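All remarks here apply to the structure that follows.
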Amino acid sequence: MGMKPTEKIWHNGKLIRWEDATIHVLSHVVSYASAVFEGIRCYETKNGPAIFRVREHFERMRNSGKIYRMEWPYSVEDLSNAAAELVRVNKMASCYIRPIALRGYGDIGVHGLSVPIEVYMACWEWGRYLGPEAIENGVDVCISSWNRMAPNTLPSMAKAAANYMNSQLIHMEAATNGYTEGIALDTNGFVSEGSGENIFVAMDGALITPAIGSSVLPGITRNSVMTLCDDLKIPVREQMIPREMLYIAEEVFFTGTAAEITPLRSVDRIKVGKGSRGPITKALQEEFFAILTGSRPDRHNWLTPVSVPLGAGTR
């Protein structure tokens with residue numbers, strides 16, 4: 001999917017032209033994947049554009065940086081305001097926002113502690129990550145032959161660029177074999193997550209999701225779904241999930257900023273439930289999207305409105 005360039009990208013506190021947001025080939029990040037990042041969605045609501053859980057995303061980015069001993073002089077509030085400004089100056093009605101902090105140009109030694117940290121933030125139009133029909137019809141997935149990172153190797157609580165080399169292996173294998181996405185197991189053989197999505201399983205009217213200890217990213221959308229379960233009186237718990245539970249579950253769905261809430265209709269060519277979106281998935285989707293579009297109250301204060309000039313969204 002090609003990116004449609006916007007006018008401005010935020011870099012270390014200043015707005016620069018899209019085409020000027022470049023790094024040197026010998027920047028530390030190119031050799032060593034020394035970057036942490038976020039993916040944030042800005043939705044078009046009936047009251048104008050609004051960014052979803054922007055502060056929680058930047059808090060997670062700050063924590064990812066802390067794990068990797070990366071520091072930058074911008075607070076969560078600074079970056080949240082910069083995200084709103086970026087949407088505003090690019091006149092976006094809705095978009096995907098990508099902040100990234102990386103070790104830049106300087107020493108090429110492995111640790112990179114003396115290398116300057118560069119912070120960039122871009123936004124662009126981005127539709128449904130797993131395809132336009134996925135939200136309603138579901139997707140076909142497989143169990144990957146690749147495991148998620150073992151504990152105490154690459155920290156899965158950090159949203160770090162290096163982790164996504166593992167994600168690429170999972171996703172490429174799935175795509176090569178005719179699936180939309182792959183699900184990775186942890187090194188103990190229990191369900192972990194997709195290449196870029198958390199996973200929920202419905203059994204006997206309740207939801208189960210792998211715990212953080214199963215090498216999963218602490219997803220913002222994952223957390224949002226658990227909050228909505230509480231609102232809708234849907235029991236939800238975190239536990240280890242054996243692979244075969246995916247085959248006999250009533251419903252399985254992915255969550256993520258890009259995937260939002262996407263049902264799985266088959267796993268390893270075994271039909272999940274009735275092979276279509278189930279009632280719990282549908283109820284959560286309806287509540288989630290109703291809040292995001294402004295048709296139901298934003299009772300958890302998830303949305304940060306952005307004042308975009310008239311004529312936005314026509315670019």
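A note on labels: chains of the structure tokens are A, B, ... as shown, every chain counts residues from 1, and ligands are counted from 1 in their shown order.
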_DSSP strand (DSSP E or B) residues within stretch 189-219 of chain A, as a PyMOL selection string_ = chain A and resi 190-194+198-203+206-209
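DSSP annotation of stretch 72-151 of chain A from backbone atoms: alpha helix (DSSP H) residues are Val76, Glu77, Asp78, Leu79, Ser80, Asn81, Ala82, Ala83, Ala84, Glu85, Leu86, Val87, Arg88, Val89, Ala134, Ile135, Glu136 and Asn137 of chain A.
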Okay, now the selection with all heavy atoms, as a compact mmCIF listing (two decimals), in the first residue's frame?
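Now in out.txt:
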```txt
# COMPACT_ATOMS: atom_id res chain seq x y z
N VAL A 76 5.04 13.85 27.27
CA VAL A 76 3.85 13.26 26.67
C VAL A 76 2.92 14.36 26.17
O VAL A 76 2.35 14.27 25.08
CB VAL A 76 3.14 12.35 27.70
CG1 VAL A 76 1.73 11.98 27.25
CG2 VAL A 76 3.98 11.08 27.95
N GLU A 77 2.80 15.41 26.95
CA GLU A 77 1.93 16.54 26.56
C GLU A 77 2.48 17.25 25.31
O GLU A 77 1.72 17.59 24.40
CB GLU A 77 1.81 17.53 27.73
CG GLU A 77 0.58 18.41 27.66
CD GLU A 77 -0.74 17.65 27.78
OE1 GLU A 77 -0.76 16.59 28.43
OE2 GLU A 77 -1.73 18.11 27.19
N ASP A 78 3.79 17.46 25.29
CA ASP A 78 4.43 18.08 24.10
C ASP A 78 4.11 17.30 22.83
O ASP A 78 3.74 17.86 21.81
CB ASP A 78 5.96 18.13 24.26
CG ASP A 78 6.43 19.07 25.34
OD1 ASP A 78 5.68 19.99 25.71
OD2 ASP A 78 7.57 18.87 25.83
N LEU A 79 4.28 15.99 22.91
CA LEU A 79 4.10 15.15 21.73
C LEU A 79 2.62 15.04 21.35
O LEU A 79 2.28 14.99 20.16
CB LEU A 79 4.72 13.77 21.95
CG LEU A 79 6.25 13.77 22.09
CD1 LEU A 79 6.77 12.40 22.50
CD2 LEU A 79 6.92 14.21 20.79
N SER A 80 1.74 15.02 22.36
CA SER A 80 0.30 14.99 22.08
C SER A 80 -0.12 16.27 21.35
O SER A 80 -0.89 16.23 20.38
CB SER A 80 -0.49 14.85 23.38
OG SER A 80 -0.15 13.64 24.04
N ASN A 81 0.41 17.40 21.81
CA ASN A 81 0.11 18.68 21.14
C ASN A 81 0.70 18.72 19.74
O ASN A 81 0.08 19.25 18.80
CB ASN A 81 0.66 19.85 21.97
CG ASN A 81 -0.08 20.03 23.29
OD1 ASN A 81 -1.23 19.61 23.42
ND2 ASN A 81 0.56 20.65 24.26
N ALA A 82 1.90 18.16 19.59
CA ALA A 82 2.53 18.13 18.26
C ALA A 82 1.71 17.27 17.29
O ALA A 82 1.57 17.62 16.11
CB ALA A 82 3.95 17.57 18.38
N ALA A 83 1.14 16.17 17.77
CA ALA A 83 0.31 15.31 16.92
C ALA A 83 -0.92 16.07 16.43
O ALA A 83 -1.28 16.01 15.25
CB ALA A 83 -0.11 14.06 17.69
N ALA A 84 -1.55 16.82 17.34
CA ALA A 84 -2.72 17.62 16.96
C ALA A 84 -2.34 18.70 15.94
O ALA A 84 -3.05 18.92 14.95
CB ALA A 84 -3.35 18.25 18.20
N GLU A 85 -1.20 19.34 16.16
CA GLU A 85 -0.73 20.38 15.24
C GLU A 85 -0.43 19.79 13.86
O GLU A 85 -0.73 20.40 12.82
CB GLU A 85 0.52 21.05 15.83
CG GLU A 85 1.15 22.12 14.96
CD GLU A 85 0.27 23.37 14.80
OE1 GLU A 85 -0.77 23.49 15.49
OE2 GLU A 85 0.63 24.23 13.98
N LEU A 86 0.15 18.59 13.85
CA LEU A 86 0.48 17.92 12.59
C LEU A 86 -0.78 17.63 11.78
O LEU A 86 -0.82 17.86 10.56
CB LEU A 86 1.22 16.62 12.90
CG LEU A 86 1.84 15.87 11.73
CD1 LEU A 86 3.00 16.64 11.14
CD2 LEU A 86 2.31 14.48 12.18
N VAL A 87 -1.82 17.13 12.45
CA VAL A 87 -3.10 16.86 11.77
C VAL A 87 -3.68 18.16 11.24
O VAL A 87 -4.19 18.24 10.12
CB VAL A 87 -4.08 16.16 12.73
CG1 VAL A 87 -5.48 16.06 12.11
CG2 VAL A 87 -3.57 14.76 13.11
N ARG A 88 -3.56 19.21 12.05
CA ARG A 88 -4.14 20.52 11.69
C ARG A 88 -3.45 21.11 10.46
O ARG A 88 -4.10 21.51 9.50
CB ARG A 88 -4.01 21.47 12.89
CG ARG A 88 -4.80 22.75 12.79
CD ARG A 88 -4.66 23.61 14.06
NE ARG A 88 -5.15 22.92 15.24
CZ ARG A 88 -4.41 22.57 16.30
NH1 ARG A 88 -3.11 22.83 16.32
NH2 ARG A 88 -4.93 21.95 17.31
N VAL A 89 -2.11 21.15 10.48
CA VAL A 89 -1.40 21.80 9.38
C VAL A 89 -1.51 21.01 8.07
O VAL A 89 -1.45 21.59 6.98
CB VAL A 89 0.10 22.07 9.70
CG1 VAL A 89 0.24 22.99 10.89
CG2 VAL A 89 0.88 20.79 9.89
N ALA A 134 -12.64 -6.77 5.94
CA ALA A 134 -12.22 -7.59 7.08
C ALA A 134 -13.06 -7.36 8.33
O ALA A 134 -13.36 -8.31 9.06
CB ALA A 134 -10.74 -7.31 7.38
N ILE A 135 -13.45 -6.12 8.59
CA ILE A 135 -14.16 -5.78 9.82
C ILE A 135 -15.47 -6.58 9.93
O ILE A 135 -15.85 -7.03 11.00
CB ILE A 135 -14.45 -4.26 9.87
CG1 ILE A 135 -13.13 -3.47 9.97
CG2 ILE A 135 -15.39 -3.90 11.02
CD1 ILE A 135 -12.40 -3.59 11.27
N GLU A 136 -16.15 -6.75 8.79
CA GLU A 136 -17.44 -7.44 8.80
C GLU A 136 -17.31 -8.93 8.51
O GLU A 136 -17.92 -9.76 9.17
CB GLU A 136 -18.38 -6.79 7.78
CG GLU A 136 -19.82 -7.23 7.93
CD GLU A 136 -20.78 -6.38 7.11
OE1 GLU A 136 -20.47 -5.20 6.86
OE2 GLU A 136 -21.82 -6.91 6.73
N ASN A 137 -16.51 -9.28 7.51
CA ASN A 137 -16.47 -10.67 7.04
C ASN A 137 -15.41 -11.52 7.73
O ASN A 137 -15.48 -12.75 7.68
CB ASN A 137 -16.23 -10.70 5.53
CG ASN A 137 -17.34 -10.03 4.76
OD1 ASN A 137 -18.46 -9.94 5.24
ND2 ASN A 137 -17.03 -9.54 3.56
```
*Residue neighbourhood stretch 178-187 of chain A, 8 Å, only C-alpha atoms, exclusion window fewer than 4 positions, as a VMD selection string*: chain A and resid 130 139 to 150 170 to 171 173 to 174 191 to 195 214 to 215 243
_Which residues are close to A:Asn163, i.e. within 12 Å by only C-alpha atoms, leaving aside same-chain residues fewer than 3 positions away? Reply as a PyMOL selection string._
chain A and resi 32-37+64+147-150+153-160+166-170+195-196+215-217
_Residue neighbourhood stretch 279-287 of chain A, 9 Å, only C-alpha atoms, exclusion window fewer than 5 positions, as an NGL selection string_ = :A and (135-136 or 202 or 205-207 or 225 or 228-229 or 232 or 234 or 251-253 or 260-263 or 292 or 296)
Could you list, with a cut-off of 9 Å and counting only C-alpha atoms, the residues of stretch 189-270 of chain A near stretch 39-63 of chain A, each shown with its nearest atom pair and the distance in Å rounded to one decimal, rows sorted by chain and ascending number, as a tab-separated table?
```
residue	atom	partner	partner_atom	distance
A:Pro218	CA	A:Arg60	CA	8.6
A:Ile220	CA	A:His57	CA	7.1
A:Thr257	CA	A:Ile40	CA	6.3
A:Ala258	CA	A:Gly39	CA	7.5
```
Please write the residues from the selection above to a file, keeping N, CA and C atoms, as a JSON list (two decimals), in the first residue's frame.
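Wrote out-v9.json, looks like this:
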```json
[["chain", "number", "residue", "atom", "x", "y", "z"],
["A", 218, "PRO", "N", 1.60, -4.61, 25.17],
["A", 218, "PRO", "CA", 0.44, -4.10, 25.90],
["A", 218, "PRO", "C", -0.35, -3.12, 25.04],
["A", 220, "ILE", "N", -2.96, -0.68, 23.16],
["A", 220, "ILE", "CA", -3.91, 0.36, 23.56],
["A", 220, "ILE", "C", -5.33, -0.07, 23.18],
["A", 257, "THR", "N", -4.29, -0.80, 16.67],
["A", 257, "THR", "CA", -4.56, 0.51, 16.08],
["A", 257, "THR", "C", -4.87, 0.38, 14.60],
["A", 258, "ALA", "N", -4.08, -0.43, 13.90],
["A", 258, "ALA", "CA", -4.29, -0.60, 12.46],
["A", 258, "ALA", "C", -5.46, -1.55, 12.19]]
```
*Check the smallest atom-to-atom distance from each of A:Gly256, A:Pro242, A:Gly65, A:Gly138 to A:Leu102 using only C-alpha atoms, then report the winner.*
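Answer, going by the shortest atom-to-atom distance: A:Gly65.
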_Residues within 6 Å of stretch 208-211 of chain A, only C-alpha atoms, excluding chain neighbours under 4 positions, as a PyMOL selection string_ = chain A and resi 200-201+236-240
Could you write those residues out with all heavy atoms, as a compact mmCIF listing (two decimals), in the first residue's frame?
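Saved file part.txt follows:
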```txt
# COMPACT_ATOMS: atom_id res chain seq x y z
N PHE A 200 -8.04 -11.98 20.95
CA PHE A 200 -9.07 -12.34 21.93
C PHE A 200 -9.81 -13.57 21.45
O PHE A 200 -10.06 -13.73 20.25
CB PHE A 200 -10.07 -11.20 22.12
CG PHE A 200 -9.56 -10.03 22.92
CD1 PHE A 200 -8.76 -9.06 22.34
CD2 PHE A 200 -9.90 -9.89 24.26
CE1 PHE A 200 -8.29 -7.98 23.06
CE2 PHE A 200 -9.44 -8.81 25.00
CZ PHE A 200 -8.64 -7.85 24.40
N VAL A 201 -10.19 -14.42 22.40
CA VAL A 201 -10.92 -15.66 22.11
C VAL A 201 -12.20 -15.67 22.94
O VAL A 201 -12.16 -15.38 24.15
CB VAL A 201 -10.04 -16.88 22.49
CG1 VAL A 201 -10.81 -18.18 22.33
CG2 VAL A 201 -8.76 -16.90 21.68
N VAL A 236 -14.17 -10.91 30.92
CA VAL A 236 -12.91 -10.98 30.20
C VAL A 236 -11.79 -11.28 31.18
O VAL A 236 -11.77 -10.74 32.29
CB VAL A 236 -12.63 -9.68 29.39
CG1 VAL A 236 -12.55 -8.47 30.31
CG2 VAL A 236 -11.38 -9.81 28.54
N ARG A 237 -10.89 -12.16 30.80
CA ARG A 237 -9.76 -12.47 31.68
C ARG A 237 -8.51 -12.72 30.84
O ARG A 237 -8.59 -13.06 29.67
CB ARG A 237 -10.07 -13.66 32.58
CG ARG A 237 -10.26 -14.99 31.86
CD ARG A 237 -10.65 -16.10 32.85
NE ARG A 237 -10.74 -17.39 32.19
CZ ARG A 237 -11.83 -17.85 31.59
NH1 ARG A 237 -12.93 -17.11 31.56
NH2 ARG A 237 -11.83 -19.06 31.03
N GLU A 238 -7.36 -12.55 31.50
CA GLU A 238 -6.07 -12.82 30.87
C GLU A 238 -5.58 -14.17 31.35
O GLU A 238 -5.58 -14.44 32.55
CB GLU A 238 -5.07 -11.74 31.26
CG GLU A 238 -5.42 -10.34 30.79
CD GLU A 238 -4.45 -9.31 31.32
OE1 GLU A 238 -4.69 -8.79 32.42
OE2 GLU A 238 -3.45 -9.03 30.64
N GLN A 239 -5.19 -15.03 30.39
CA GLN A 239 -4.64 -16.33 30.77
C GLN A 239 -3.86 -16.92 29.59
O GLN A 239 -3.93 -16.40 28.48
CB GLN A 239 -5.77 -17.31 31.16
CG GLN A 239 -6.66 -17.72 30.01
CD GLN A 239 -7.56 -18.90 30.35
OE1 GLN A 239 -8.37 -18.79 31.26
NE2 GLN A 239 -7.44 -19.99 29.62
N MET A 240 -3.12 -17.97 29.86
CA MET A 240 -2.44 -18.68 28.79
C MET A 240 -3.48 -19.39 27.93
O MET A 240 -4.46 -19.95 28.46
CB MET A 240 -1.44 -19.69 29.36
CG MET A 240 -0.25 -19.01 30.03
SD MET A 240 1.05 -20.18 30.53
CE MET A 240 0.22 -21.14 31.76
```
*Top pick for closest residue to A:Met121, considering A:Lys274, A:Lys14, A:Lys8, A:Arg98 and counting only C-alpha atoms*: A:Arg98
*Excluding A:Pro5 and residues on its chain fewer than 5 positions from it, collect all residues at most 10 Å away from it, counting only C-alpha atoms, and give them as a VMD selection string.*
chain A and resid 17 to 19 90 122 to 125
*Using only C-alpha atoms, pick whichever of A:Ile199, A:Met70, A:Ile108, A:Met92 has the shortest atom-to-atom distance to A:Ala259.*
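Residue with the minimum atom-to-atom distance to A:Ala259: A:Ile199.
The spacing separating atom CA of A:Val119 from atom CA of A:Tyr74 amounts to 9.0 Å.
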*Counting only C-alpha atoms, which of A:Ala249, A:Ala161, A:Gly294, A:His300 gets nearest to A:Asn223?*
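Among the listed residues, the smallest separation from A:Asn223 belongs to A:His300.
Distances to A:Asn12 were evaluated for A:Tyr120, A:Val30, A:His24, A:Arg103 using only C-alpha atoms, and the minimum falls at A:Tyr120.
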